[in-house]
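See structure below.
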Amino acid sequence: MAKFSPSLVASNLKGYVNSKGNAGLATAGSGDVLTGIIASLIAQGYALDDAALIAMFVHGKAADQLAKSISQRGMIASDLLYKIGRIFSDYEL
């Protein structure tokens, strides 16, 4: 996984691009939140590749929703936590 804009995941000679996310993710702790999502999904039985792809989408989607409500500049990592559960619910992930 490479946290760029857009983010990238490479797996088994396949590449995936995630268009979700924004500059608000360039803040201290954002990567820790992403890692926590991945670890949680793996603990629930998801394969590493699937966990990384789902986490990358959810993380970016949370940032996009926050950018609309509080702006990219005002975003901190803990703000993401309030959106993540809702996104899992909305997408039935």
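Residues are referred to by chain and number: the chain letter is A, B, ... according to the order shown in the structure tokens, the number counts from 1 in that chain, and ligands are numbered separately from 1 in the order shown.
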>> Neighbouring residues of segment 30-46 of chain A were defined as those with any atom within 9 Å, considering only C-alpha atoms; residues of the same chain fewer than 2 positions away were excluded. Please report them as a PyMOL selection string.
In response: chain A and resi 3+24-28+48-56+58-59+76-78+80-81+84
> Hey, what's within 12 Å of Ala23 of chain A if we count only C-alpha atoms and toss same-chain stuff fewer than 5 positions away? As JSON, numbers by chain, please?
Replying inline: {"A": [3, 4, 5, 6, 7, 30, 60, 63, 64, 66, 67, 71, 72, 73, 74, 75, 76]}
> So how far away is atom CA of Leu93 of chain A from atom CA of Gly29 of chain A, in Å?
Replying inline: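 Computed distance, atom CA of Gly29 of chain A to atom CA of Leu93 of chain A, equals 23.3 Å.
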> So which residues of chain A fall under alpha helix (DSSP H) by DSSP, listed as number ranges by chain?
Replying inline: A: 30-43, 48-70, 77-91
>> Just the number, please: distance in Å from atom CA of Phe88 of chain A to atom CA of Asn12 of chain A, one decimal.
In response: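 Pair atom CA of Phe88 of chain A / atom CA of Asn12 of chain A returns 25.8 Å.
Atom CA of Ala62 of chain A is found 18.2 Å from atom CA of Val9 of chain A.
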>> Let's see if you can do this: from backbone DSSP, list all strand (DSSP E or B) residues in segment 1-50 of chain A, as a PyMOL selection string.
In response: chain A and resi 2+7-11+14-18
> Closest to Tyr91 of chain A among A:Asp79, A:Asn18, A:Ile70, A:Phe57, using only C-alpha atoms?
Replying inline: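 Comparing A:Asp79, A:Asn18, A:Ile70, A:Phe57 against Tyr91 of chain A, the winner is A:Phe57.
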